[in-house]
There are 2 protein chains.
Amino acid sequence: MTSRSENYSQWYNDLVVKADLAESSVVRGCMVIKPYGYAIWEKMQAELDRMFKETGHVNAYFPLFIPKSFFSKEAAHVEGFAKECAVVTHYRLKTNPDGTGVVVDPEAKLDEELIVRPTSETIIWNTYKNWIHSYRDLPILCNQWANVVRWEMRTRLFLRTAEFLWQEGHTAHATRQEALDEAMKMINVYADFVENFMAVPVIKGAKTENERFAGALETFTIEALMQDGKALQSGTSHFLGQNFARAFDVMFTNKEGRDEYVWATSWGVSTRLMGALIMAHSDDNGLVLPPKLAPFQVVIVPIYKNEEQLNNISVKAEEIVARLKARGISVKYDYFDNKKPGWKFAEYELKGVPVRLAIGPRDIENGTVEVARRDTLTKEVAPVATIDVYVEKLLDDIQKNIYRKAFELRKDKTTKVDTYEEFKEVLNTKGGFVLAHWDGTTETELKIKEETKATIRCIPFGQEKEEGKCIYSGKPSERRVLFAVAY
Amino acid sequence: MTSRSENYSQWYNDLVVKADLAESSVVRGCMVIKPYGYAIWEKMQAELDRMFKETGHVNAYFPLFIPKSFFSKEAAHVEGFAKECAVVTHYRLKTNPDGTGVVVDPEAKLDEELIVRPTSETIIWNTYKNWIHSYRDLPILCNQWANVVRWEMRTRLFLRTAEFLWQEGHTAHATRQEALDEAMKMINVYADFVENFMAVPVIKGAKTENERFAGALETFTIEALMQDGKALQSGTSHFLGQNFARAFDVMFTNKEGRDEYVWATSWGVSTRLMGALIMAHSDDNGLVLPPKLAPFQVVIVPIYKNEEQLNNISVKAEEIVARLKARGISVKYDYFDNKKPGWKFAEYELKGVPVRLAIGPRDIENGTVEVARRDTLTKEVAPVATIDVYVEKLLDDIQKNIYRKAFELRKDKTTKVDTYEEFKEVLNTKGGFVLAHWDGTTETELKIKEETKATIRCIPFGQEKEEGKCIYSGKPSERRVLFAVAY
């Protein structure tokens, strides 16, 4: 595997493939998510789904296809979304007259082309129109787990693929404030998930007008920092105002009997989070997974020379398996004899299994077990008698330590600058997040982007006001914004 | 709502829409699965997913799109699948030169059209080619939860839609026997799920050659009977032999060092099961849900005249909620005051909630609660003190009773016939399953279908041999097969 210092980008690709997370498919830009990668995604889904339900949301499912004309209904949305997408024009194939395979049947042309959803605001608001009549029908708090397609030209496994898996929440409200609160609530849910399950610290904030979702009045975001000093947008939540209600004519009768347009939000995270998880923690030996999202948290490897030894070790190992499971810890006992222990050690390191237990004949004699932790690559010998308690605490330590490491990295790579020279210098050397004053104009934002590739990741929440001067234009500014080169 | 006797088909459609399960969307043939319907589907998914994992399977995800040429690679498969499907021909839209919306960009034409997957054998076996080299790489036991599209001309909510949700298992094996065993194992898993969770009895068997999956050597099926006497194929499992391995050149080196083609199975159930669940049990008042799949199993409705009464009832109700939840029973306390109790009773009947508890002021005095069960529409008064135990047992009774009712119905509607006259008579009067002798030829099968619309649902497993004569041709037959008119 390529090392991070050698070529970070190549290291990432190697890791995704070698750790059996995903691979490119024969269809340009579409990936195959392999079982080990999918198992991590399932754990992420399960936690997020629980959090959505705990905050009052329900799941539903809307069509994969959207009529082309729907995209023209919301002016900003069509600019942002209806361009690079998969277009269905026909609904039938027929046998090639010359007998060689199949061809598209020209007779089976659709009257109106269908777009494979790049996001579902339009079809969902067209549906909500029939669901909403009175304030009594509100709020609607739906989420959908689905695949979406955006015809990206340059793709990277998990980070940017033509087809990806995601969830998209679409809510409808009677008041502006309620919708704003919902959008804020969901960015907090995302931050909670990414920090406490993925062990990745994030900065919450609002996007600038230029970086907003197509059709949104406000886009809230969580921004994470990868080890190479580039930012990764990890989740967004949009306050859509009444734009989609207007576009699809969705009105409700309020308590006073007057008709009003409905207020909307949408919010989503995707398999892109897999990219963030991989890049935030892993090292040159492979994946480092936070225990809360590892497909299995512990692996037990027997070290033996003959079958008798293996049998003795297996008795002990199965006992440990039972005790760990009783504490809700997932564990795999790898007794297969087709691979040497050394190979297994490397394999489970590559796969990021948080804790490895090794048991040899001497351990059986001494009532001990060798415990290796993936995050620090350190080993200790622990008594079997209390191994379940020991491992439970260790997993908790690992979860916290991974977060702490990522937090320290971000701290080291976050710099306040006051001049454009400093700004460029920091980007060219250490990279990372740069906090700087900005005059609030899209013009300046775009010029900085053009000259440095850095974008405004967000206007962070909860920052104290600070008078200053825009690093680019010198115009007055009231607060610093967060710049970075981003994925 | 239309009654079943009036118009069964209309009753079904009314029920699906009125019980908030699903509705048609603006995209022809595609449905919107509404939150209440999706909650049932999620319960089904959770149980099936658990069963798949318990039998050693893992989940993965493969691309939505399949290159057109893949369908031509397996001769039988192309006949069966590559015809009515959604074809992606372009990857970009552009603003209409006249400013009115968007048009397909003719410059953005794909070199090879992509088909939205109607099923994934081809793309998956093209992927397995790179995963499989030696017998050590086998078996591969992957399942995928996904959406698929088949351009059906006549669609019905859940039963036949252009887009539907399903799972598709795709396994790869070193031997013929192992693949056959896998296909059989999975049809048994499906039968177990449908009978024990959906409370729908099924008949397991093999499909005739004519009814097999396109590309399969054997198709196993579970067939259920609906209340109107029509059969519904509820799940299939296919032994694919080496057909897809040959088509995609997937070979492995066996233990003896020789190269062989890999053996395959595939198996799937879909949102069609929702149709089976609805049609098997429901009545003219609405849905009847088996407790094991109900989004909530118990609803509590307070009966009161003033706020003081409601407050007293709420104290008791919340106590009952806590006690039921402690037993793992899902329960909703509907204290909302915007609807009358009578409206709520009808609504929860329509939604098929298995048990309804009503509490009024007199119940508070007497320490009682009124218990209504949805399946029999009967009521009893039970003491609050032991209500948790009572409800737990009742839910179990309801689950069993629903199954028993469906089983009795099937028994009544299963007829053995020995002549073609009898056969037609039964189909025209009571309908249902008809067990009859058949000469084993596709010719006879198709003639019977043409003349009566009845198809051979399966050759049931575990039937004793019985000498007889084909009802149509009079030729000798060794066993009866199961005929029915099917959905």
# chains A, B, ... in the order shown; residues from 1 in each chain; ligands from 1
call {"tool": "interface_residues", "arguments": {"of": "chain B", "to": "chain A", "cutoff": "8 Å", "atoms": "only C-alpha atoms", "output": "PyMOL selection string"}}
result
chain B and resi 25+27+30-35+37-39+58-69+71-72+82-94+101-102+104+127+142+151+163
call {"tool": "select_by_dssp", "arguments": {"residues": "segment 8-64 of chain A", "states": "alpha helix (DSSP H)", "output": "number ranges by chain"}}
result
A: 8-18, 35-54
call {"tool": "write_last_selection", "arguments": {"atoms": "N, CA and C atoms", "output": "PDB file, in the first residue's frame"}}
result
ATOM      1  N   TYR A   8      -1.049  10.880  -0.722  1.00  0.00           N
ATOM      2  CA  TYR A   8      -2.236  10.712   0.115  1.00  0.00           C
ATOM      3  C   TYR A   8      -3.424  10.177  -0.687  1.00  0.00           C
ATOM      4  N   SER A   9      -3.571  10.709  -1.876  1.00  0.00           N
ATOM      5  CA  SER A   9      -4.695  10.350  -2.713  1.00  0.00           C
ATOM      6  C   SER A   9      -4.623   8.877  -3.138  1.00  0.00           C
ATOM      7  N   GLN A  10      -3.407   8.439  -3.478  1.00  0.00           N
ATOM      8  CA  GLN A  10      -3.218   7.050  -3.876  1.00  0.00           C
ATOM      9  C   GLN A  10      -3.390   6.123  -2.672  1.00  0.00           C
ATOM     10  N   TRP A  11      -2.885   6.580  -1.522  1.00  0.00           N
ATOM     11  CA  TRP A  11      -3.062   5.823  -0.269  1.00  0.00           C
ATOM     12  C   TRP A  11      -4.553   5.563  -0.025  1.00  0.00           C
ATOM     13  N   TYR A  12      -5.364   6.606  -0.208  1.00  0.00           N
ATOM     14  CA  TYR A  12      -6.808   6.458   0.009  1.00  0.00           C
ATOM     15  C   TYR A  12      -7.402   5.407  -0.937  1.00  0.00           C
ATOM     16  N   ASN A  13      -7.094   5.522  -2.199  1.00  0.00           N
ATOM     17  CA  ASN A  13      -7.636   4.560  -3.173  1.00  0.00           C
ATOM     18  C   ASN A  13      -7.186   3.132  -2.876  1.00  0.00           C
ATOM     19  N   ASP A  14      -5.907   2.978  -2.580  1.00  0.00           N
ATOM     20  CA  ASP A  14      -5.375   1.650  -2.250  1.00  0.00           C
ATOM     21  C   ASP A  14      -6.121   1.062  -1.054  1.00  0.00           C
ATOM     22  N   LEU A  15      -6.286   1.916  -0.051  1.00  0.00           N
ATOM     23  CA  LEU A  15      -6.907   1.463   1.194  1.00  0.00           C
ATOM     24  C   LEU A  15      -8.347   1.003   0.957  1.00  0.00           C
ATOM     25  N   VAL A  16      -9.099   1.803   0.219  1.00  0.00           N
ATOM     26  CA  VAL A  16     -10.507   1.461  -0.022  1.00  0.00           C
ATOM     27  C   VAL A  16     -10.608   0.099  -0.716  1.00  0.00           C
ATOM     28  N   VAL A  17      -9.716  -0.129  -1.661  1.00  0.00           N
ATOM     29  CA  VAL A  17      -9.766  -1.383  -2.412  1.00  0.00           C
ATOM     30  C   VAL A  17      -9.209  -2.543  -1.586  1.00  0.00           C
ATOM     31  N   LYS A  18      -8.046  -2.338  -0.966  1.00  0.00           N
ATOM     32  CA  LYS A  18      -7.394  -3.441  -0.243  1.00  0.00           C
ATOM     33  C   LYS A  18      -8.143  -3.853   1.013  1.00  0.00           C
ATOM     34  N   PRO A  35     -18.973  -6.235   0.764  1.00  0.00           N
ATOM     35  CA  PRO A  35     -19.617  -6.568   2.048  1.00  0.00           C
ATOM     36  C   PRO A  35     -19.003  -5.886   3.275  1.00  0.00           C
ATOM     37  N   TYR A  36     -17.669  -5.820   3.355  1.00  0.00           N
ATOM     38  CA  TYR A  36     -17.089  -5.204   4.563  1.00  0.00           C
ATOM     39  C   TYR A  36     -17.410  -3.701   4.618  1.00  0.00           C
ATOM     40  N   GLY A  37     -17.332  -3.045   3.483  1.00  0.00           N
ATOM     41  CA  GLY A  37     -17.683  -1.627   3.423  1.00  0.00           C
ATOM     42  C   GLY A  37     -19.162  -1.418   3.705  1.00  0.00           C
ATOM     43  N   TYR A  38     -19.987  -2.305   3.151  1.00  0.00           N
ATOM     44  CA  TYR A  38     -21.427  -2.160   3.342  1.00  0.00           C
ATOM     45  C   TYR A  38     -21.824  -2.376   4.798  1.00  0.00           C
ATOM     46  N   ALA A  39     -21.087  -3.268   5.482  1.00  0.00           N
ATOM     47  CA  ALA A  39     -21.388  -3.536   6.891  1.00  0.00           C
ATOM     48  C   ALA A  39     -21.166  -2.275   7.729  1.00  0.00           C
ATOM     49  N   ILE A  40     -20.157  -1.487   7.372  1.00  0.00           N
ATOM     50  CA  ILE A  40     -19.925  -0.220   8.084  1.00  0.00           C
ATOM     51  C   ILE A  40     -21.059   0.757   7.779  1.00  0.00           C
ATOM     52  N   TRP A  41     -21.410   0.834   6.498  1.00  0.00           N
ATOM     53  CA  TRP A  41     -22.516   1.714   6.094  1.00  0.00           C
ATOM     54  C   TRP A  41     -23.821   1.329   6.797  1.00  0.00           C
ATOM     55  N   GLU A  42     -24.078   0.047   6.932  1.00  0.00           N
ATOM     56  CA  GLU A  42     -25.288  -0.411   7.645  1.00  0.00           C
ATOM     57  C   GLU A  42     -25.286   0.052   9.101  1.00  0.00           C
ATOM     58  N   LYS A  43     -24.108   0.029   9.732  1.00  0.00           N
ATOM     59  CA  LYS A  43     -24.034   0.489  11.122  1.00  0.00           C
ATOM     60  C   LYS A  43     -24.309   1.990  11.192  1.00  0.00           C
ATOM     61  N   MET A  44     -23.785   2.716  10.224  1.00  0.00           N
ATOM     62  CA  MET A  44     -24.045   4.160  10.175  1.00  0.00           C
ATOM     63  C   MET A  44     -25.542   4.409   9.967  1.00  0.00           C
ATOM     64  N   GLN A  45     -26.116   3.687   9.026  1.00  0.00           N
ATOM     65  CA  GLN A  45     -27.554   3.825   8.752  1.00  0.00           C
ATOM     66  C   GLN A  45     -28.391   3.565   9.993  1.00  0.00           C
ATOM     67  N   ALA A  46     -28.043   2.488  10.698  1.00  0.00           N
ATOM     68  CA  ALA A  46     -28.850   2.087  11.854  1.00  0.00           C
ATOM     69  C   ALA A  46     -28.861   3.189  12.915  1.00  0.00           C
ATOM     70  N   GLU A  47     -27.683   3.781  13.178  1.00  0.00           N
ATOM     71  CA  GLU A  47     -27.613   4.837  14.197  1.00  0.00           C
ATOM     72  C   GLU A  47     -28.355   6.089  13.736  1.00  0.00           C
ATOM     73  N   LEU A  48     -28.116   6.478  12.494  1.00  0.00           N
ATOM     74  CA  LEU A  48     -28.786   7.672  11.969  1.00  0.00           C
ATOM     75  C   LEU A  48     -30.300   7.479  11.957  1.00  0.00           C
ATOM     76  N   ASP A  49     -30.728   6.312  11.510  1.00  0.00           N
ATOM     77  CA  ASP A  49     -32.159   6.041  11.443  1.00  0.00           C
ATOM     78  C   ASP A  49     -32.792   6.137  12.837  1.00  0.00           C
ATOM     79  N   ARG A  50     -32.102   5.581  13.830  1.00  0.00           N
ATOM     80  CA  ARG A  50     -32.585   5.678  15.208  1.00  0.00           C
ATOM     81  C   ARG A  50     -32.690   7.147  15.629  1.00  0.00           C
ATOM     82  N   MET A  51     -31.662   7.936  15.314  1.00  0.00           N
ATOM     83  CA  MET A  51     -31.672   9.351  15.691  1.00  0.00           C
ATOM     84  C   MET A  51     -32.796  10.112  14.982  1.00  0.00           C
ATOM     85  N   PHE A  52     -33.037   9.784  13.723  1.00  0.00           N
ATOM     86  CA  PHE A  52     -34.125  10.462  12.987  1.00  0.00           C
ATOM     87  C   PHE A  52     -35.464  10.124  13.639  1.00  0.00           C
ATOM     88  N   LYS A  53     -35.649   8.865  13.983  1.00  0.00           N
ATOM     89  CA  LYS A  53     -36.927   8.467  14.571  1.00  0.00           C
ATOM     90  C   LYS A  53     -37.101   9.085  15.951  1.00  0.00           C
ATOM     91  N   GLU A  54     -36.022   9.147  16.701  1.00  0.00           N
ATOM     92  CA  GLU A  54     -36.105   9.767  18.029  1.00  0.00           C
ATOM     93  C   GLU A  54     -36.460  11.253  17.942  1.00  0.00           C
TER      94      GLU A  54
END
call {"tool": "closest_residue", "arguments": {"among": "B:Glu223, B:Asp418, B:Asp111, B:Glu464", "to": "Glu195 of chain B", "atoms": "only C-alpha atoms"}}
result
B:Glu223
call {"tool": "residues_around", "arguments": {"residues": "Val434 of chain A", "least_positions_apart": "6", "cutoff": "7 Å", "atoms": "only C-alpha atoms", "output": "list of chain:residue names"}}
result
A:Thr414, A:Thr415, A:Lys416, A:Val417, A:Leu482, A:Phe483, A:Ala484
call {"tool": "select_by_dssp", "arguments": {"residues": "segment 317-458 of chain A", "states": "strand (DSSP E)", "output": "PyMOL selection string"}}
result
chain A and resi 331-333+355-359+368-373+379-383+414-416+433-437+455-458
call {"tool": "atom_distance", "arguments": {"atom1": "atom CA of Pro383 of chain A", "atom2": "atom CA of Gly360 of chain A"}}
result
13.2 Å
call {"tool": "atom_distance", "arguments": {"atom1": "atom CA of Arg362 of chain B", "atom2": "atom CA of Thr386 of chain B"}}
result
17.7 Å
call {"tool": "atom_distance", "arguments": {"atom1": "atom CA of Asp181 of chain B", "atom2": "atom CA of Asp334 of chain A"}}
result
25.6 Å
call {"tool": "closest_residue", "arguments": {"among": "B:Lys413, B:Arg212, B:Lys255, B:Arg356", "to": "Val381 of chain B", "atoms": "only C-alpha atoms"}}
result
B:Arg356
call {"tool": "residues_around", "arguments": {"residues": "Asp396 of chain A", "least_positions_apart": "3", "cutoff": "10 Å", "atoms": "only C-alpha atoms", "output": "count of residues only"}}
result
9
call {"tool": "residues_around", "arguments": {"residues": "Ala76 of chain A", "least_positions_apart": "4", "cutoff": "7 Å", "atoms": "only C-alpha atoms", "output": "PyMOL selection string"}}
result
chain A and resi 80+214-215
call {"tool": "closest_residue", "arguments": {"among": "A:His77, A:Pro460, A:Ile471, A:Glu425", "to": "Lys447 of chain A", "atoms": "only C-alpha atoms"}}
result
A:Ile471
call {"tool": "residues_around", "arguments": {"residues": "segment 347-355 of chain B", "least_positions_apart": "4", "cutoff": "6 Å", "atoms": "only C-alpha atoms", "output": "compact mmCIF listing (two decimals) with C-alpha atoms, in the first residue's frame"}}
result
# COMPACT_ATOMS: atom_id res chain seq x y z
CA ALA B 19 -54.99 3.03 5.02
CA ASN B 285 -63.38 -2.44 7.69
CA GLY B 286 -59.77 -2.17 6.61
CA LEU B 287 -56.40 -3.72 7.19
CA VAL B 288 -55.82 -6.65 9.49
CA LEU B 289 -52.15 -6.81 10.43
CA PRO B 291 -48.95 -8.36 15.41
CA GLN B 297 -49.41 -3.38 18.07
CA VAL B 298 -51.62 -1.60 20.56
CA ALA B 372 -60.94 -4.84 21.30
CA ARG B 373 -59.16 -7.20 18.94
CA ARG B 374 -58.95 -6.27 15.26
call {"tool": "decode", "arguments": {"residues": "segment 96-108 of chain B", "atoms": "all heavy atoms", "output": "compact mmCIF listing (two decimals), in the first residue's frame"}}
result
# COMPACT_ATOMS: atom_id res chain seq x y z
N ASN B 96 -33.06 25.16 -22.53
CA ASN B 96 -33.64 25.28 -23.86
C ASN B 96 -33.22 26.62 -24.46
O ASN B 96 -33.37 27.65 -23.80
CB ASN B 96 -35.17 25.21 -23.73
CG ASN B 96 -35.84 24.88 -25.04
OD1 ASN B 96 -35.26 25.10 -26.11
ND2 ASN B 96 -37.04 24.37 -24.96
N PRO B 97 -32.69 26.60 -25.69
CA PRO B 97 -32.28 27.86 -26.31
C PRO B 97 -33.35 28.96 -26.24
O PRO B 97 -33.03 30.13 -26.09
CB PRO B 97 -32.00 27.46 -27.76
CG PRO B 97 -31.64 26.02 -27.70
CD PRO B 97 -32.40 25.44 -26.54
N ASP B 98 -34.62 28.57 -26.28
CA ASP B 98 -35.67 29.60 -26.23
C ASP B 98 -36.01 30.00 -24.79
O ASP B 98 -36.94 30.76 -24.55
CB ASP B 98 -36.93 29.13 -26.99
CG ASP B 98 -37.69 28.05 -26.24
OD1 ASP B 98 -37.29 27.68 -25.12
OD2 ASP B 98 -38.69 27.56 -26.79
N GLY B 99 -35.24 29.46 -23.82
CA GLY B 99 -35.41 29.89 -22.43
C GLY B 99 -36.52 29.19 -21.67
O GLY B 99 -36.73 29.44 -20.49
N THR B 100 -37.25 28.29 -22.33
CA THR B 100 -38.37 27.62 -21.66
C THR B 100 -37.94 26.26 -21.12
O THR B 100 -38.14 25.23 -21.76
CB THR B 100 -39.53 27.38 -22.64
OG1 THR B 100 -39.03 26.54 -23.70
CG2 THR B 100 -40.07 28.66 -23.21
N GLY B 101 -37.37 26.24 -19.93
CA GLY B 101 -37.04 24.98 -19.30
C GLY B 101 -35.80 24.31 -19.86
O GLY B 101 -34.91 24.97 -20.40
N VAL B 102 -35.76 22.99 -19.74
CA VAL B 102 -34.56 22.24 -20.12
C VAL B 102 -34.87 21.21 -21.19
O VAL B 102 -35.98 20.71 -21.29
CB VAL B 102 -33.94 21.53 -18.89
CG1 VAL B 102 -33.20 22.52 -18.01
CG2 VAL B 102 -35.00 20.78 -18.10
N VAL B 103 -33.86 20.90 -21.99
CA VAL B 103 -33.99 19.86 -23.01
C VAL B 103 -32.80 18.91 -22.88
O VAL B 103 -31.78 19.26 -22.29
CB VAL B 103 -34.03 20.45 -24.44
CG1 VAL B 103 -35.31 21.21 -24.67
CG2 VAL B 103 -32.81 21.31 -24.69
N VAL B 104 -32.94 17.73 -23.44
CA VAL B 104 -31.84 16.78 -23.44
C VAL B 104 -30.75 17.31 -24.37
O VAL B 104 -31.03 17.72 -25.49
CB VAL B 104 -32.32 15.39 -23.91
CG1 VAL B 104 -31.16 14.41 -23.97
CG2 VAL B 104 -33.42 14.88 -22.98
N ASP B 105 -29.51 17.28 -23.90
CA ASP B 105 -28.40 17.76 -24.70
C ASP B 105 -27.98 16.66 -25.68
O ASP B 105 -27.48 15.62 -25.27
CB ASP B 105 -27.23 18.11 -23.76
CG ASP B 105 -26.05 18.69 -24.52
OD1 ASP B 105 -26.04 18.61 -25.76
OD2 ASP B 105 -25.15 19.23 -23.86
N PRO B 106 -28.21 16.89 -26.98
CA PRO B 106 -27.92 15.82 -27.94
C PRO B 106 -26.43 15.46 -28.00
O PRO B 106 -26.07 14.36 -28.41
CB PRO B 106 -28.40 16.40 -29.28
CG PRO B 106 -28.48 17.87 -29.08
CD PRO B 106 -28.72 18.11 -27.63
N GLU B 107 -25.58 16.37 -27.53
CA GLU B 107 -24.13 16.10 -27.51
C GLU B 107 -23.77 15.07 -26.44
O GLU B 107 -22.70 14.49 -26.47
CB GLU B 107 -23.37 17.39 -27.16
CG GLU B 107 -23.73 18.59 -27.98
CD GLU B 107 -22.78 18.76 -29.14
OE1 GLU B 107 -21.59 18.98 -28.87
OE2 GLU B 107 -23.23 18.63 -30.31
N ALA B 108 -24.65 14.94 -25.45
CA ALA B 108 -24.33 14.09 -24.30
C ALA B 108 -24.97 12.72 -24.44
O ALA B 108 -25.71 12.25 -23.57
CB ALA B 108 -24.77 14.77 -23.00
